[in-house]
Each structure stands twice: as structure tokens, then as C-alpha cells.
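Scroll down for the structure; my scribbles are underneath it.
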Amino acid sequence: MSKSSIKVRDHDNLRRDPHSQAILNVDKQEYAAYLRKQQKAERLEHVESKVYDMQNDIKDIKQMLQQLVSK
């Protein structure tokens, strides 16, 4: 962030970039919390995907066992 950023009125942790007009949050603790939340969401999505895959595997195994028993 450039030193020429402009404080946003009534928000100590926000700055405006004069070149892009973007509003930037400069609070490092909030950013760290955001990253933790994103990582947690990614882990949850990964676990959900694994559970879905395992459910399909169990369904396949069950079908195979039923075929073996019916012979």
C-alpha cells in the first residue's frame, strides 16, 4: 500500500487508494481472521468431498456384496 492512501472517514482501519479508488482494510488481525475463515471453509469443502466419495465407495461395495450373495 502506498503512503498516499487516504483515511476513510469514521473507519480507522480503512484506507482509499487514490489511484484505483479501492477501499483497503489495513487491519492485520481482521485479515488474519479472514484467512483462517477461508482455510477452514476449504478444509470443510475437502472433508465433504471425501465423505461423498466414501459414500459412493460404500454403495459400490454393497452392490458387489449383494451380487456375490445372490450367486
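Simple scheme: letters A, B, ... for chains in C-alpha cells order, numbers from 1 for residues in each chain, numbers from 1 for ligands in the order shown.
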
Exercise. Which neighbours of Arg15 in chain A fall inside 8 Å, counting only C-alpha atoms, when residues of the same chain fewer than 2 positions from it are skipped, and could you give them as a PyMOL selection string?
Worked result: chain A and resi 5-8+13+17+23-26

For this session: Pick out each residue of chain A that DSSP on the backbone tags as helix (DSSP H, G or I); I need them as an MDAnalysis selection string.
Result: chainID A and resid 28:70
